[in-house]
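Structure below is my_file37.csv: CSV, C-alpha atoms.
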```csv
chain,number,residue,atom,x,y,z
U,1,MET,CA,88.1,83.3,154.8
U,2,ASP,CA,88.0,86.4,152.7
U,3,GLU,CA,86.2,86.4,149.3
U,4,PRO,CA,88.7,85.8,146.5
U,5,LEU,CA,89.4,89.0,144.6
U,6,ALA,CA,88.1,87.7,141.3
U,7,THR,CA,85.9,84.7,141.1
U,8,ARG,CA,85.6,82.7,138.0
U,9,ARG,CA,82.2,84.3,137.5
U,10,THR,CA,83.3,87.9,137.7
U,11,VAL,CA,86.3,87.2,135.4
U,12,LEU,CA,84.0,85.6,132.8
U,13,ALA,CA,81.6,88.5,133.0
U,14,ALA,CA,84.4,91.0,132.5
U,15,ILE,CA,85.7,89.1,129.5
U,16,GLY,CA,82.2,89.0,128.0
U,17,GLY,CA,81.8,92.7,128.6
U,18,ALA,CA,85.1,93.4,126.9
U,19,GLY,CA,84.1,91.3,124.0
U,20,LEU,CA,80.8,93.2,123.6
U,21,ALA,CA,82.6,96.5,123.8
U,22,LEU,CA,85.0,95.4,121.0
U,23,ALA,CA,82.1,94.2,118.9
U,24,VAL,CA,80.7,97.8,118.6
U,25,ARG,CA,80.6,98.5,114.9
U,26,PRO,CA,82.7,101.4,113.5
U,27,ALA,CA,80.8,104.6,113.0
U,28,GLN,CA,79.7,105.1,109.4
U,29,ALA,CA,81.2,107.9,107.5
U,30,THR,CA,78.8,110.8,107.2
U,31,PRO,CA,78.2,113.2,104.3
U,32,GLU,CA,80.4,115.6,106.2
U,33,THR,CA,83.4,113.2,106.2
U,34,MET,CA,82.8,112.7,102.5
U,35,LYS,CA,82.8,116.4,102.0
U,36,SER,CA,86.0,116.9,103.9
U,37,ALA,CA,87.6,114.0,101.9
U,38,ILE,CA,86.6,115.8,98.7
U,39,ARG,CA,87.9,119.1,100.0
U,40,GLN,CA,91.3,117.4,100.6
U,41,VAL,CA,91.5,116.5,97.0
U,42,VAL,CA,90.0,119.5,95.3
U,43,GLY,CA,91.1,122.2,97.7
U,44,GLU,CA,89.3,125.5,97.3
U,45,ALA,CA,88.4,124.9,93.7
U,46,ALA,CA,84.8,124.8,92.6
U,47,VAL,CA,83.4,121.4,91.5
U,48,LYS,CA,80.9,121.7,88.7
U,49,PRO,CA,78.5,118.9,87.7
U,50,GLY,CA,79.0,117.4,84.2
U,51,ARG,CA,81.6,115.9,81.8
U,52,ILE,CA,82.2,112.9,84.0
U,53,LYS,CA,79.9,109.9,84.1
U,54,LEU,CA,79.7,107.4,86.9
U,55,ASP,CA,78.2,104.1,85.9
U,56,LEU,CA,76.7,102.1,88.8
U,57,PRO,CA,73.7,99.8,88.9
U,58,PRO,CA,70.8,101.6,90.6
U,59,LEU,CA,69.8,98.5,92.6
U,60,VAL,CA,72.5,96.2,94.0
U,61,GLU,CA,71.8,92.9,95.7
U,62,ASN,CA,75.2,92.4,97.3
U,63,GLY,CA,77.3,95.4,98.2
U,64,ASN,CA,80.5,93.3,98.5
U,65,THR,CA,81.2,93.6,94.7
U,66,VAL,CA,79.6,96.3,92.7
U,67,ALA,CA,80.9,96.8,89.1
U,68,MET,CA,81.7,100.5,88.6
U,69,ALA,CA,82.7,102.4,85.5
U,70,VAL,CA,83.8,106.0,85.3
U,71,THR,CA,84.0,107.8,82.0
U,72,VAL,CA,85.1,111.3,81.3
U,73,ASP,CA,84.3,113.3,78.2
U,74,SER,CA,87.7,114.5,77.2
U,75,PRO,CA,89.8,114.4,74.0
U,76,MET,CA,92.9,113.3,76.1
U,77,THR,CA,95.4,115.4,74.2
U,78,ALA,CA,98.5,117.0,75.7
U,79,ASN,CA,96.7,120.3,76.2
U,80,ASP,CA,93.3,119.0,77.3
U,81,HIS,CA,93.2,115.8,79.3
U,82,VAL,CA,92.0,114.2,82.5
U,83,LYS,CA,94.6,114.3,85.3
U,84,ALA,CA,92.9,112.3,87.9
U,85,ILE,CA,89.6,110.5,88.7
U,86,HIS,CA,88.5,110.2,92.3
U,87,VAL,CA,85.5,108.3,93.7
U,88,PHE,CA,83.9,108.9,97.1
U,89,THR,CA,81.1,107.3,99.1
U,90,GLU,CA,78.8,108.9,101.7
U,91,LYS,CA,78.2,106.0,104.1
U,92,ASN,CA,81.1,103.6,103.8
U,93,PRO,CA,83.2,103.6,107.0
U,94,GLN,CA,85.9,105.4,105.0
U,95,PRO,CA,84.8,107.8,102.3
U,96,ASN,CA,87.6,107.2,99.7
U,97,VAL,CA,87.1,104.5,97.1
U,98,ILE,CA,89.8,105.0,94.5
U,99,SER,CA,92.0,107.8,93.2
U,100,ALA,CA,93.4,107.2,89.8
U,101,LYS,CA,96.0,109.3,88.0
U,102,LEU,CA,95.7,109.5,84.2
U,103,GLY,CA,97.5,111.4,81.6
U,104,PRO,CA,97.4,112.2,77.8
U,105,ARG,CA,98.9,108.7,77.2
U,106,ALA,CA,95.7,107.1,78.4
U,107,GLY,CA,94.0,107.9,75.1
U,108,LYS,CA,90.6,107.4,76.7
U,109,ALA,CA,89.5,108.5,80.1
U,110,GLU,CA,87.7,105.4,81.3
U,111,ILE,CA,88.3,103.2,84.3
U,112,GLN,CA,86.4,100.3,85.6
U,113,THR,CA,86.7,98.5,88.9
U,114,ARG,CA,84.6,96.6,91.5
U,115,VAL,CA,83.8,98.4,94.7
U,116,ARG,CA,82.2,97.7,98.1
U,117,LEU,CA,79.2,99.7,99.2
U,118,ALA,CA,78.1,99.5,102.9
U,119,ASP,CA,74.6,100.9,102.6
U,120,THR,CA,72.1,102.5,100.3
U,121,GLU,CA,74.0,105.7,99.6
U,122,THR,CA,75.3,108.3,97.3
U,123,VAL,CA,78.5,107.8,95.3
U,124,VAL,CA,80.4,110.8,93.9
U,125,ALA,CA,82.9,110.7,91.1
U,126,ILE,CA,85.2,113.7,90.6
U,127,CYS,CA,87.6,114.3,87.8
U,128,GLU,CA,90.5,116.8,87.6
U,129,MET,CA,91.2,118.2,84.2
U,130,SER,CA,94.5,119.5,82.9
U,131,ASP,CA,93.2,123.1,83.1
U,132,GLY,CA,92.6,122.7,86.8
U,133,SER,CA,88.8,122.4,86.7
U,134,PHE,CA,86.9,119.8,88.6
U,135,TRP,CA,83.8,118.1,87.4
U,136,SER,CA,81.5,115.7,89.3
U,137,ASN,CA,78.7,113.2,88.9
U,138,THR,CA,76.6,111.8,91.7
U,139,VAL,CA,74.7,108.6,91.7
U,140,ASP,CA,72.3,107.1,94.2
U,141,VAL,CA,72.6,103.4,94.8
U,142,ILE,CA,70.2,101.1,96.6
U,143,ILE,CA,71.9,98.2,98.4
U,144,THR,CA,70.0,95.2,99.8
U,145,LEU,CA,73.0,93.5,101.5
U,146,GLY,CA,75.8,95.9,102.5
U,147,ALA,CA,79.5,95.2,102.6
U,148,CYS,CA,82.2,96.0,105.2
U,149,LEU,CA,80.2,95.9,108.4
U,150,GLU,CA,79.0,92.4,108.7
U,151,ASP,CA,81.3,90.1,110.6
U,152,PRO,CA,82.5,86.7,109.2
U,153,ILE,CA,80.9,83.7,110.7
R,1,MET,CA,102.4,85.1,99.9
R,2,ALA,CA,102.4,85.3,96.2
R,3,ALA,CA,99.2,86.5,94.7
R,4,ARG,CA,97.8,85.3,91.4
R,5,THR,CA,97.5,87.9,88.7
R,6,LEU,CA,95.6,88.0,85.5
R,7,ILE,CA,96.5,90.6,82.9
R,8,ASN,CA,94.6,91.1,79.7
R,9,VAL,CA,96.6,93.2,77.1
R,10,PRO,CA,96.1,92.8,73.4
R,11,PRO,CA,99.2,91.1,72.0
R,12,LYS,CA,99.2,93.2,68.9
R,13,ALA,CA,98.0,96.7,68.2
R,14,LYS,CA,98.3,99.4,65.5
R,15,ARG,CA,100.4,102.4,66.3
R,16,GLY,CA,98.2,105.1,67.9
R,17,GLU,CA,95.4,102.7,68.7
R,18,VAL,CA,93.7,103.0,72.1
R,19,ILE,CA,93.9,99.7,73.9
R,20,GLN,CA,92.1,98.5,76.9
R,21,ILE,CA,94.1,96.9,79.7
R,22,LYS,CA,92.4,94.7,82.3
R,23,THR,CA,94.1,93.6,85.5
R,24,LEU,CA,93.0,91.3,88.3
R,25,ILE,CA,94.9,90.2,91.3
R,26,SER,CA,93.9,87.7,94.1
R,27,HIS,CA,93.9,89.6,97.4
R,28,ILE,CA,91.6,89.5,100.4
R,29,MET,CA,91.4,93.3,100.8
R,30,GLU,CA,90.6,93.0,104.5
R,31,THR,CA,89.0,96.3,105.5
R,32,GLY,CA,90.1,96.4,109.2
R,33,PHE,CA,86.5,97.2,110.1
R,34,ARG,CA,85.4,93.6,110.7
R,35,HIS,CA,85.7,91.4,113.8
R,36,ASP,CA,86.3,87.7,114.2
R,37,ASN,CA,84.1,85.3,116.1
R,38,VAL,CA,85.5,86.4,119.5
R,39,GLY,CA,85.0,90.1,118.8
R,40,LYS,CA,88.7,90.8,118.0
R,41,PRO,CA,89.2,93.3,115.2
R,42,ILE,CA,90.7,91.8,112.1
R,43,PRO,CA,93.7,94.0,111.1
R,44,ARG,CA,93.6,95.9,107.8
R,45,ASP,CA,95.3,94.1,104.9
R,46,ILE,CA,94.7,95.9,101.6
R,47,ILE,CA,96.5,96.8,98.4
R,48,THR,CA,97.1,100.5,98.6
R,49,SER,CA,98.6,101.3,95.3
R,50,PHE,CA,98.7,100.1,91.7
R,51,VAL,CA,101.1,101.4,89.0
R,52,CYS,CA,101.3,100.5,85.4
R,53,THR,CA,104.4,101.4,83.3
R,54,TYR,CA,104.8,101.2,79.6
R,55,ASN,CA,108.5,100.8,78.6
R,56,GLY,CA,109.4,102.4,81.9
R,57,GLU,CA,107.1,105.4,81.7
R,58,THR,CA,104.2,105.5,84.1
R,59,ILE,CA,100.9,105.6,82.3
R,60,PHE,CA,98.4,104.8,85.0
R,61,GLU,CA,98.5,104.8,88.8
R,62,ALA,CA,95.8,104.4,91.4
R,63,SER,CA,95.5,104.6,95.1
R,64,LEU,CA,93.1,101.9,96.4
R,65,TYR,CA,91.2,102.0,99.7
R,66,GLN,CA,89.1,99.6,101.7
R,67,ALA,CA,86.1,100.3,99.4
R,68,ILE,CA,87.7,98.3,96.6
R,69,ALA,CA,86.2,94.8,96.5
R,70,ALA,CA,88.3,91.7,97.2
R,71,ASN,CA,90.5,90.6,94.3
R,72,PRO,CA,90.9,94.1,92.8
R,73,PHE,CA,89.9,94.3,89.2
R,74,ILE,CA,91.1,97.5,87.4
R,75,THR,CA,90.5,98.4,83.8
R,76,PHE,CA,92.0,101.4,82.1
R,77,HIS,CA,93.2,102.5,78.6
R,78,THR,CA,96.4,103.6,76.9
R,79,VAL,CA,97.6,104.5,73.5
R,80,ALA,CA,99.8,101.9,71.9
R,81,THR,CA,102.9,103.9,71.0
R,82,GLU,CA,105.7,101.3,70.5
R,83,SER,CA,106.4,97.6,71.0
R,84,GLY,CA,107.6,96.7,74.4
R,85,THR,CA,106.6,95.7,77.9
R,86,LEU,CA,103.8,96.8,80.2
R,87,ALA,CA,104.8,96.3,83.8
R,88,PHE,CA,102.3,96.2,86.6
R,89,LYS,CA,103.0,96.6,90.3
R,90,TRP,CA,100.7,96.3,93.3
R,91,THR,CA,101.9,97.3,96.7
R,92,GLY,CA,100.0,97.0,100.0
R,93,ASP,CA,99.9,96.5,103.7
R,94,ASN,CA,102.4,94.1,105.5
R,95,GLY,CA,105.0,94.6,102.8
R,96,PHE,CA,102.8,93.2,100.0
R,97,VAL,CA,104.4,93.6,96.6
R,98,GLN,CA,103.4,91.8,93.4
R,99,GLU,CA,104.6,92.5,90.0
R,100,ALA,CA,103.5,91.2,86.6
R,101,SER,CA,104.2,92.2,83.0
R,102,ALA,CA,102.8,91.7,79.5
R,103,LYS,CA,104.4,92.2,76.0
R,104,ILE,CA,102.8,94.1,73.2
R,105,THR,CA,103.8,94.3,69.6
R,106,VAL,CA,102.9,97.5,67.8
R,107,GLY,CA,103.0,97.5,64.1
```

Please render this file's structure as structure tokens.
Amino acid sequence: MDEPLATRRTVLAAIGGAGLALAVRPAQATPETMKSAIRQVVGEAAVKPGRIKLDLPPLVENGNTVAMAVTVDSPMTANDHVKAIHVFTEKNPQPNVISAKLGPRAGKAEIQTRVRLADTETVVAICEMSDGSFWSNTVDVIITLGACLEDPI
Amino acid sequence: MAARTLINVPPKAKRGEVIQIKTLISHIMETGFRHDNVGKPIPRDIITSFVCTYNGETIFEASLYQAIAANPFITFHTVATESGTLAFKWTGDNGFVQEASAKITVG
């Protein structure tokens, strides 16, 4: 009698192999993907440091929820206001964090939220002013337990 | 599935005063990068956009990504111009839409 085409053992091994292949973790974003994500937002404009302040704790125990505040130094008048605030990360699987649109009716250019950080990394906040200029602030954060990549049990 | 929302808007404000608005919504914000216990990817399920309107005029909007923590909490500011309603709308994957509103009296 011929050998069966697929024995129980080979089938199980194949399933196990497929499972392992699926379990391969997604590639982290690299500083290059962050740069290209920033380029998509700012285009060819120059991004200068200053005017915007990104507030993140320097040492974070759990990357799943990190309180973040972004403040821009702006009078928020009709002629001089912040149009948008964008935040990017360097090593999260996906570089974008949040893109907020503001206007003169905001009164104060400050937003707060809670973010996920996958690894010890650099976070960049960029603001777009009504005159078309872009300003940035970069903060390094140390993460002990990263978010995103660990699987639920 | 209806999500629970928590909105914090001062009920009264002086005209021209800058008020802080805090919003919180219950949502899993599943990134799509994780796998379940048999190695199957868990599909992405996040809130992608948040809009706040003040008497019909959009005063704040944000695009959210996977890097926003579960139960998105967003704080922003606006100038209290007139009495009325602040309406909030979250939209996301799988046809997720949630709306909420808050009244403000400006005197």

**OP:** With a cut-off of 8 Å and counting all atoms listed in the file, select all residues of chain R in contact with chain U and give the selection as a ChimeraX atom specification.
**Re:** /R:18,31,33-41,59-70,72-79

**OP:** Please indicate the distance in Å from CA of Trp90 in chain R to CA of Gly43 in chain U, rounded to one decimal place.
**Re:** 28.0 Å

**OP:** Pick out the residues sitting within 9 Å of Thr144 in chain U, and hand them over as a PyMOL selection string; count all atoms listed in the file, and ignore anything fewer than 3 positions along from it in its own chain.
**Re:** chain U and resi 59-63+119-120

Subject >> Who sits within 7 Å of Ala13 in chain R, only C-alpha atoms, same chain under 2 positions skipped, as a ChimeraX atom specification >> reply: /R:10-11,15,17,80,105-107

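With CA of Lys12 in chain R on one side and CA of Glu57 in chain R on the other, the separation reads 19.4 Å.
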
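Between CA of Gly32 in chain R and CA of Val97 in chain R there is a distance of 19.3 Å.
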
Which residues come within 6 Å of Gly84 in chain R, counting all atoms listed in the file, excluding same-chain residues fewer than 6 positions away, as a tab-separated table (two decimals) with C-alpha atoms, in the coordinates of the input?
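Below is the file that was written, part18.tsv:
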```
chain	number	residue	atom	x	y	z
R	55	ASN	CA	108.50	100.80	78.60
R	103	LYS	CA	104.40	92.20	76.00
R	104	ILE	CA	102.80	94.10	73.20
```

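With only C-alpha atoms as the atoms that count, the minimum distance from Val141 in chain U to the choices U:Leu56, U:Lys91, U:Pro75, U:Glu128 is reached by U:Leu56.
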
**OP:** Write out as a ChimeraX atom specification the residues lying within 8 Å of Ala3 in chain R, counting all atoms listed in the file and excluding same-chain residues fewer than 5 positions away.
**Re:** /R:25-27,98

Write a file of the just-selected residues containing C-alpha atoms, as a PDB file, in the coordinates of the input.
```pdb
ATOM      1  CA  ILE R  25      94.900  90.200  91.300  1.00  0.00           C
ATOM      2  CA  SER R  26      93.900  87.700  94.100  1.00  0.00           C
ATOM      3  CA  HIS R  27      93.900  89.600  97.400  1.00  0.00           C
ATOM      4  CA  GLN R  98     103.400  91.800  93.400  1.00  0.00           C
TER       5      GLN R  98
END
```

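Checking R:Met29, R:Ala102, R:Val9, R:Ala2 one by one against Thr48 in chain R, counting all atoms listed in the file, you find the shortest gap at R:Met29.
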